[in-house]
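Structure file start06.cif; described as mmCIF, C-alpha atoms.
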data_target
loop_
_atom_site.label_atom_id
_atom_site.label_comp_id
_atom_site.auth_asym_id
_atom_site.auth_seq_id
_atom_site.Cartn_x
_atom_site.Cartn_y
_atom_site.Cartn_z
CA MET A 28 58.34 41.32 -39.99
CA GLN A 29 57.39 45.00 -39.89
CA GLN A 30 53.95 44.10 -38.53
CA ILE A 31 55.57 42.02 -35.78
CA LYS A 32 57.82 44.92 -34.81
CA LYS A 33 54.85 47.30 -34.75
CA ARG A 34 52.91 45.02 -32.39
CA LEU A 35 55.98 44.52 -30.23
CA TYR A 36 56.65 48.24 -29.76
CA GLU A 37 52.96 48.91 -29.11
CA LEU A 38 53.04 46.24 -26.40
CA LYS A 39 56.25 47.70 -24.97
CA SER A 40 54.62 51.14 -24.80
CA VAL A 41 51.54 50.01 -22.87
CA VAL A 42 53.69 47.85 -20.59
CA ASP A 43 55.89 50.85 -19.75
CA GLN A 44 52.79 52.80 -18.80
CA ALA A 45 51.50 49.94 -16.67
CA LEU A 46 54.83 49.61 -14.86
CA LYS A 47 54.63 53.24 -13.77
CA VAL A 48 51.55 52.26 -11.82
CA LYS A 49 52.71 48.79 -10.81
CA ASP A 50 56.04 49.98 -9.33
CA LEU A 51 58.00 46.73 -9.20
CA ILE A 52 60.76 48.39 -7.15
CA GLY A 53 58.23 49.32 -4.47
CA LEU A 54 56.74 45.83 -4.64
CA HIS A 55 60.20 44.30 -4.13
CA SER A 56 60.77 46.56 -1.12
CA SER A 57 57.47 45.45 0.42
CA ILE A 58 58.52 41.83 -0.02
CA ALA A 59 61.86 42.53 1.70
CA LEU A 60 60.10 44.15 4.68
CA LEU A 61 57.74 41.19 5.12
CA GLU A 62 60.59 38.71 4.77
CA ALA A 63 62.39 40.51 7.59
CA LYS A 64 59.31 40.06 9.79
CA VAL A 65 59.06 36.37 8.89
CA ASN A 66 62.68 35.83 9.85
CA ASP A 67 62.21 37.46 13.25
CA VAL A 68 62.61 34.96 16.11
CA ASP A 69 59.26 36.02 17.63
CA PHE A 70 57.35 35.82 14.34
CA TRP A 71 55.10 32.93 15.40
CA ALA A 72 54.32 34.36 18.84
CA ASP A 73 51.00 35.54 17.37
CA ALA A 74 49.87 32.70 15.10
CA ASN A 75 46.98 34.60 13.49
CA ALA A 76 49.14 37.62 12.64
CA ALA A 77 51.90 35.32 11.36
CA GLN A 78 49.50 33.52 9.03
CA LYS A 79 48.20 36.81 7.68
CA ILE A 80 51.74 38.07 6.97
CA SER A 81 52.79 34.75 5.43
CA ARG A 82 49.82 34.80 3.09
CA GLU A 83 50.43 38.41 2.11
CA LEU A 84 54.11 37.65 1.45
CA ALA A 85 53.26 34.67 -0.77
CA GLN A 86 50.81 36.78 -2.76
CA LEU A 87 53.28 39.64 -3.23
CA LYS A 88 56.00 37.22 -4.32
CA ALA A 89 53.71 35.58 -6.86
CA ASP A 90 52.68 38.98 -8.21
CA TYR A 91 56.28 40.19 -8.46
CA ASP A 92 57.47 36.96 -10.10
CA ASN A 93 54.68 37.09 -12.69
CA TRP A 94 55.55 40.65 -13.72
CA HIS A 95 59.32 40.08 -13.53
CA ASN A 96 59.17 36.96 -15.69
CA PHE A 97 56.92 38.70 -18.22
CA THR A 98 59.11 41.80 -18.56
CA THR A 99 62.22 39.61 -18.86
CA GLU A 100 60.65 37.65 -21.71
CA LEU A 101 59.50 40.86 -23.40
CA GLU A 102 62.98 42.39 -23.23
CA GLY A 103 64.41 39.10 -24.48
CA LEU A 104 62.22 39.19 -27.59
CA ILE A 105 63.18 42.81 -28.24
CA THR A 106 66.86 41.84 -27.99
CA LEU A 107 66.39 38.92 -30.37
CA ILE A 108 64.83 41.16 -32.99
CA GLU A 109 66.89 44.34 -32.55
CA VAL A 110 70.34 43.05 -31.61
CA ASP A 111 70.45 39.52 -32.98
CA GLU A 112 68.36 40.54 -35.99
CA LEU A 113 66.20 37.43 -35.77
CA ASP A 114 63.86 37.41 -38.77
CA ASP A 115 61.91 34.17 -38.17
CA GLU A 116 58.46 35.76 -38.39
CA ALA A 117 56.46 32.67 -37.38
CA PHE A 118 58.64 32.11 -34.28
CA CYS A 119 58.44 35.78 -33.22
CA ASP A 120 54.67 35.87 -33.81
CA GLU A 121 54.18 32.83 -31.56
CA ILE A 122 56.19 34.37 -28.71
CA LEU A 123 54.60 37.81 -29.11
CA THR A 124 51.08 36.36 -29.11
CA LYS A 125 51.82 34.58 -25.81
CA LEU A 126 53.28 37.78 -24.34
CA GLU A 127 50.19 39.76 -25.37
CA ALA A 128 47.93 37.18 -23.71
CA THR A 129 50.07 37.18 -20.55
CA PHE A 130 49.97 40.97 -20.33
CA ALA A 131 46.19 40.98 -20.75
CA LYS A 132 45.90 38.70 -17.69
CA LEU A 133 48.43 40.73 -15.68
CA ARG A 134 46.59 43.95 -16.51
CA LEU A 135 43.27 42.38 -15.57
CA ALA A 136 44.70 41.23 -12.24
CA THR A 137 45.48 44.86 -11.34
CA PHE A 138 41.71 45.38 -11.04
CA LEU A 139 41.48 42.55 -8.52
CA ASN A 140 42.35 44.51 -5.41
CA GLY A 141 39.43 43.47 -3.22
CA LYS A 142 39.99 42.18 0.28
CA TYR A 143 39.53 38.53 -0.70
CA ASP A 144 40.22 38.61 -4.45
CA GLN A 145 43.43 36.56 -4.20
CA ASN A 146 41.72 33.77 -2.25
CA ASP A 147 40.50 30.40 -3.46
CA ALA A 148 36.80 30.31 -4.37
CA ILE A 149 33.89 28.24 -3.09
CA LEU A 150 31.23 28.10 -5.81
CA THR A 151 27.77 26.63 -5.16
CA ILE A 152 25.07 26.00 -7.76
CA TYR A 153 21.46 25.69 -6.55
CA CYS A 154 18.56 24.24 -8.52
CA GLY A 155 15.71 26.65 -9.24
CA LEU A 156 12.39 26.55 -11.08
CA GLY A 157 12.15 23.99 -13.87
CA GLY A 158 11.97 20.49 -12.43
CA LYS A 159 14.10 17.88 -14.22
CA ASP A 160 15.37 20.48 -16.69
CA ALA A 161 16.62 22.67 -13.84
CA GLN A 162 18.35 19.71 -12.20
CA ASP A 163 20.01 18.87 -15.50
CA PHE A 164 20.97 22.55 -15.90
CA VAL A 165 22.77 22.46 -12.53
CA GLN A 166 24.77 19.46 -13.77
CA MET A 167 25.58 21.34 -17.02
CA LEU A 168 26.78 24.38 -15.07
CA CYS A 169 28.84 22.17 -12.77
CA ARG A 170 30.65 20.69 -15.75
CA MET A 171 31.12 24.18 -17.21
CA TYR A 172 32.86 25.52 -14.11
CA LEU A 173 34.98 22.38 -13.73
CA ARG A 174 36.12 22.73 -17.35
CA PHE A 175 36.81 26.45 -16.85
CA ALA A 176 38.94 25.71 -13.79
CA GLU A 177 40.94 23.06 -15.61
CA ARG A 178 41.63 25.21 -18.69
CA SER A 179 42.59 28.15 -16.43
CA ASP A 180 45.13 26.10 -14.45
CA TYR A 181 43.00 26.19 -11.31
CA THR A 182 42.39 23.08 -9.22
CA PRO A 183 38.69 22.21 -8.81
CA LYS A 184 37.25 19.81 -6.24
CA ILE A 185 33.61 18.93 -5.63
CA ILE A 186 33.05 19.13 -1.87
CA GLU A 187 29.28 18.65 -1.77
CA LEU A 188 26.96 17.01 -4.27
CA SER A 189 23.23 16.38 -3.96
CA GLU A 190 21.97 14.24 -6.83
CA ALA A 191 18.34 14.30 -7.92
CA PRO A 192 16.58 10.90 -7.86
CA GLU A 193 15.91 10.96 -11.62
CA GLY A 194 19.20 12.50 -12.74
CA GLY A 195 20.90 15.85 -12.51
CA TYR A 196 21.81 17.75 -9.34
CA THR A 197 19.78 19.76 -6.86
CA LYS A 198 22.92 21.37 -5.43
CA VAL A 199 26.66 21.16 -5.93
CA THR A 200 29.56 22.97 -4.24
CA ILE A 201 32.96 23.21 -5.89
CA GLU A 202 36.17 24.47 -4.32
CA ILE A 203 38.35 26.16 -6.97
CA SER A 204 41.95 26.70 -5.84
CA GLY A 205 44.50 29.06 -7.35
CA GLN A 206 45.65 32.66 -7.19
CA PHE A 207 42.82 35.16 -7.76
CA ALA A 208 40.25 32.36 -8.10
CA TYR A 209 37.69 34.30 -6.06
CA GLY A 210 38.50 37.58 -7.80
CA TYR A 211 37.95 36.04 -11.21
CA LEU A 212 34.83 34.06 -10.31
CA LYS A 213 32.94 36.39 -7.98
CA GLY A 214 31.20 38.03 -10.95
CA GLU A 215 29.68 34.66 -11.82
CA ALA A 216 27.32 34.89 -8.86
CA GLY A 217 23.75 35.30 -10.02
CA ILE A 218 20.70 33.63 -11.50
CA MET A 219 21.19 31.59 -14.67
CA ARG A 220 18.39 30.77 -17.14
CA LEU A 221 18.28 27.96 -19.72
CA ILE A 222 15.91 27.92 -22.72
CA ARG A 223 15.87 24.74 -24.81
CA LEU A 224 13.81 21.89 -26.21
CA SER A 225 13.36 19.67 -23.16
CA PRO A 226 14.68 16.11 -23.41
CA PHE A 227 12.50 15.22 -20.43
CA ASN A 228 9.01 15.37 -21.93
CA SER A 229 7.45 13.33 -24.71
CA GLY A 230 6.49 16.42 -26.71
CA ASN A 231 10.05 17.75 -26.73
CA THR A 232 8.59 21.22 -26.07
CA ARG A 233 10.59 24.36 -25.40
CA GLU A 234 11.10 24.82 -21.64
CA THR A 235 12.75 27.39 -19.40
CA SER A 236 14.66 26.43 -16.25
CA PHE A 237 16.75 28.25 -13.67
CA ALA A 238 19.73 27.83 -11.35
CA ARG A 239 21.49 30.15 -8.91
CA VAL A 240 25.25 30.49 -8.54
CA GLU A 241 26.81 31.66 -5.27
CA VAL A 242 30.53 32.46 -5.02
CA LEU A 243 32.40 32.83 -1.72
CA PRO A 244 36.09 33.25 -0.86
CA ARG A 245 37.82 30.46 1.02
CA LEU A 246 39.20 32.13 4.12
CA SER A 247 42.44 31.55 5.95
CA LEU A 248 42.38 31.11 9.72
CA ALA A 249 43.50 34.72 10.14
CA GLN A 250 40.66 35.98 7.92
CA ALA A 251 37.89 33.90 9.47
CA PRO A 252 35.55 35.45 12.05
CA ASP A 253 35.32 34.23 15.61
CA ILE A 254 32.32 31.90 15.89
CA ASN A 255 30.75 30.94 19.21
CA LEU A 256 30.45 27.16 19.20
CA ALA A 257 27.31 27.48 21.33
CA ASP A 258 25.64 29.14 18.33
CA LEU A 259 26.12 26.06 16.15
CA ARG A 260 24.06 22.95 15.53
CA ILE A 261 26.18 20.21 14.00
CA ASP A 262 24.47 17.24 12.33
CA THR A 263 26.03 14.18 10.73
CA PHE A 264 24.40 12.12 8.00
CA ARG A 265 25.13 9.57 5.31
CA ALA A 266 26.58 11.18 2.19
CA SER A 267 24.79 10.79 -1.13
CA GLY A 268 26.04 10.85 -4.68
CA ALA A 269 29.49 10.18 -6.04
CA GLY A 270 32.36 9.74 -3.64
CA GLY A 271 33.26 6.11 -3.34
CA GLN A 272 32.19 3.26 -1.09
CA HIS A 273 33.45 4.82 2.13
CA VAL A 274 31.57 8.09 1.63
CA ASN A 275 28.33 6.34 0.78
CA THR A 276 28.29 3.83 3.65
CA THR A 277 29.19 5.89 6.72
CA ASP A 278 27.64 8.86 8.48
CA SER A 279 30.65 11.01 7.62
CA ALA A 280 28.88 13.98 6.01
CA VAL A 281 28.51 17.05 8.22
CA ARG A 282 25.96 19.87 8.20
CA ILE A 283 26.46 22.97 10.38
CA VAL A 284 23.71 25.48 11.14
CA HIS A 285 24.55 28.90 12.57
CA LEU A 286 21.48 29.35 14.78
CA PRO A 287 21.46 33.18 15.12
CA THR A 288 21.43 33.72 11.32
CA GLY A 289 20.13 30.44 9.96
CA VAL A 290 23.16 30.15 7.66
CA VAL A 291 23.86 26.52 6.71
CA SER A 292 26.96 24.82 5.36
CA GLN A 293 27.80 21.19 4.75
CA CYS A 294 30.48 18.93 3.32
CA GLN A 295 30.59 15.27 2.33
CA SER A 296 33.67 14.99 0.12
CA GLU A 297 36.32 14.09 2.69
CA ARG A 298 37.16 10.64 4.01
CA SER A 299 36.39 11.35 7.65
CA GLN A 300 33.78 13.15 9.68
CA ALA A 301 36.46 15.39 11.23
CA GLN A 302 37.71 16.52 7.82
CA ASN A 303 34.17 17.19 6.60
CA LYS A 304 33.48 19.19 9.75
CA GLU A 305 36.60 21.30 9.21
CA ARG A 306 35.67 22.02 5.59
CA ALA A 307 32.05 22.83 6.52
CA MET A 308 33.34 25.31 9.11
CA GLU A 309 35.42 26.99 6.39
CA ILE A 310 32.34 27.42 4.23
CA LEU A 311 30.28 28.69 7.17
CA SER A 312 33.01 31.21 8.03
CA ALA A 313 33.05 32.46 4.44
CA LYS A 314 29.27 32.88 4.37
CA LEU A 315 29.18 34.75 7.67
CA THR A 316 32.11 36.96 6.64
CA MET A 317 30.47 37.97 3.37
CA MET A 318 27.23 38.63 5.18
CA MET A 319 29.01 40.95 7.63
CA GLU A 320 30.88 42.71 4.79
CA GLU A 321 27.66 43.41 2.95
CA GLN A 322 25.90 44.60 6.10
CA LYS A 323 28.77 47.02 6.76
CA GLN A 324 28.49 48.39 3.24
CA ALA A 325 24.71 48.60 3.60
CA THR A 326 24.31 47.92 -0.11
CA ILE A 327 22.32 44.70 -0.27
CA ALA A 328 20.34 42.66 2.22
CA GLY A 329 21.39 39.21 3.31
CA LEU A 330 24.00 36.81 2.09
CA LYS A 331 25.26 37.23 -1.49
CA GLY A 332 22.60 39.73 -2.47
CA GLU A 333 18.85 39.77 -2.04
CA LYS A 334 17.34 36.34 -2.07
CA LEU A 335 15.59 36.89 -5.38
CA GLU A 336 13.42 34.01 -6.57
CA THR A 337 15.37 31.77 -8.93
CA ALA A 338 12.71 32.15 -11.60
CA PHE A 339 11.31 34.37 -14.38
CA GLY A 340 12.38 38.02 -14.50
CA ASN A 341 15.41 37.72 -12.21
CA GLN A 342 17.95 36.11 -14.55
CA ASP A 343 21.48 37.53 -14.82
CA ARG A 344 22.60 35.32 -17.72
CA THR A 345 20.56 33.39 -20.27
CA PHE A 346 21.65 30.26 -22.16
CA THR A 347 19.40 29.91 -25.22
CA LEU A 348 19.62 26.66 -27.17
CA HIS A 349 16.32 27.03 -29.11
CA PRO A 350 15.01 28.55 -31.40
CA TYR A 351 18.52 30.04 -31.82
CA THR A 352 21.79 29.73 -29.91
CA LEU A 353 22.96 32.57 -27.69
CA VAL A 354 24.52 33.14 -24.28
CA LYS A 355 23.88 36.66 -23.00
CA ASP A 356 24.89 38.29 -19.72
CA HIS A 357 22.20 40.83 -18.92
CA ARG A 358 24.42 42.78 -16.51
CA THR A 359 27.27 43.57 -18.89
CA GLY A 360 25.70 42.99 -22.30
CA VAL A 361 28.37 40.45 -23.32
CA GLU A 362 26.97 37.76 -25.61
CA THR A 363 28.07 34.97 -27.93
CA ASN A 364 26.25 32.45 -30.13
CA ASN A 365 28.86 29.76 -29.42
CA VAL A 366 26.87 28.17 -26.61
CA ASN A 367 28.70 24.86 -26.78
CA ALA A 368 32.08 26.54 -26.19
CA VAL A 369 30.72 28.40 -23.16
CA LEU A 370 29.21 25.25 -21.69
CA ASP A 371 32.60 23.62 -22.25
CA GLY A 372 34.22 26.18 -19.95
CA ASP A 373 35.04 29.07 -22.31
CA LEU A 374 34.00 31.79 -19.84
CA GLU A 375 36.95 34.16 -20.29
CA GLN A 376 35.06 36.85 -22.21
CA PHE A 377 32.29 36.99 -19.60
CA ILE A 378 34.66 36.97 -16.63
CA GLU A 379 37.20 39.43 -18.03
CA PHE A 380 34.58 41.91 -19.20
CA ALA A 381 32.80 41.72 -15.83
CA ILE A 382 36.04 42.59 -14.03
CA SER A 383 36.79 45.51 -16.37
CA PHE A 384 33.13 46.59 -16.30
CA LYS A 385 33.09 46.85 -12.50
CA ALA A 386 36.51 48.56 -12.43
CA ASP A 387 35.29 51.28 -14.80
CA ARG A 388 32.17 52.07 -12.78
#

Full structure transcribed into structure tokens:
Amino acid sequence: MQQIKKRLYELKSVVDQALKVKDLIGLHSSIALLEAKVNDVDFWADANAAQKISRELAQLKADYDNWHNFTTELEGLITLIEVDELDDEAFCDEILTKLEATFAKLRLATFLNGKYDQNDAILTIYCGLGGKDAQDFVQMLCRMYLRFAERSDYTPKIIELSEAPEGGYTKVTIEISGQFAYGYLKGEAGIMRLIRLSPFNSGNTRETSFARVEVLPRLSLAQAPDINLADLRIDTFRASGAGGQHVNTTDSAVRIVHLPTGVVSQCQSERSQAQNKERAMEILSAKLTMMMEEQKQATIAGLKGEKLETAFGNQDRTFTLHPYTLVKDHRTGVETNNVNAVLDGDLEQFIEFAISFKADR
């Protein structure tokens, strides 16, 4: 029980330090101020401003509730041990382990203070060099991110899927909903490389294939840029791939091209052309917004970084299945030989280190 108490007081110490920075009293005051605005009779006179305030209020409330609930549980465990003299070591260890994991996530979230970090994410995987192996790799990555979303209590939804004629995907777009989804996943953007014995050739030779991951925030109406409808070309077409009989037998899929920039977005997952058009506009807005943000910062050219070739020499993360097993992120140095776990959605170590890595630079 002494070891449990030591861990508990160490956790209490670091939490006290974190709370000096977090300032829950100040956070509660900010919530009260925004609630007063929401309750004003003229609140919805400016719909865009009202949506922005409503979103900010919901985010602040969620943040406050997460910290408040955590600190309440922590104080409760301290009371059980100190006052009630609970000596059930296994029970206390289980609760303390959960509290330590919760605090790690709360602490990590303090680094997510970017403009769009609290938004939902729109993640797109593009097929690169490698033929059938690359198409299969896109399908593997799609499953990986779907599994990650599910185990992280996010809600994933495939909103565009282009299947290759002989199996695998040439492109897939997934909407991942939940607080801080974009903040957590934005570091996943980059070029992925797969090295393995190919199941697609008779010699079963070792092959290398590539895919590119793009991550965008899903924007609210208040965050979206004004887009001149005259600058758009809107095409409809018959959806391909999974989606049910209705999706596959009507021209409900929508593709939108922003003519001045050449940026393209499309959606085929919804049941009607109008819904697909609305979702495609959301994606287009996100792409244009990120392009403008990066141009303002003058750090990288174009949308989501330079358009590096999705091929040899440009990889950001490598999945090696032969002659040994290893997943290595070349940007942060994080690696693990448990490739199967990573491909099953165990991305926490890569994502959490990437967030801390960027925060420390």

Proximity to Leu224 of chain A - best of A:Ser292, A:Leu311, A:Leu348, A:Val240, only C-alpha atoms: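 Of the candidates, the smallest distance to Leu224 of chain A is held by A:Leu348.
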
Suppose a student applies the PyMOL selection byres ((chain A and resi 116) around 12) to this structure; what residues should they get, written as a ChimeraX atom specification? /A:28-32,104,107-108,112-115,117-124

Distance atom CA of Ile149 of chain A-atom CA of Val281 of chain A, one decimal place? 16.8 Å

Excluding Gly205 of chain A and its own-chain neighbours fewer than 2 positions away, which residues fall within 8 Å of it when counting all atoms listed in the file? Please give them as a list in words. Asn146, Asp147, Asp180, Tyr181, Thr182, Ile203, Phe207 and Ala208 of chain A

In Å, rounded to a single decimal, give me how far atom CA of Asp43 of chain A is from atom CA of Arg134 of chain A.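 About the pair atom CA of Arg134 of chain A and atom CA of Asp43 of chain A: they are 12.0 Å apart.
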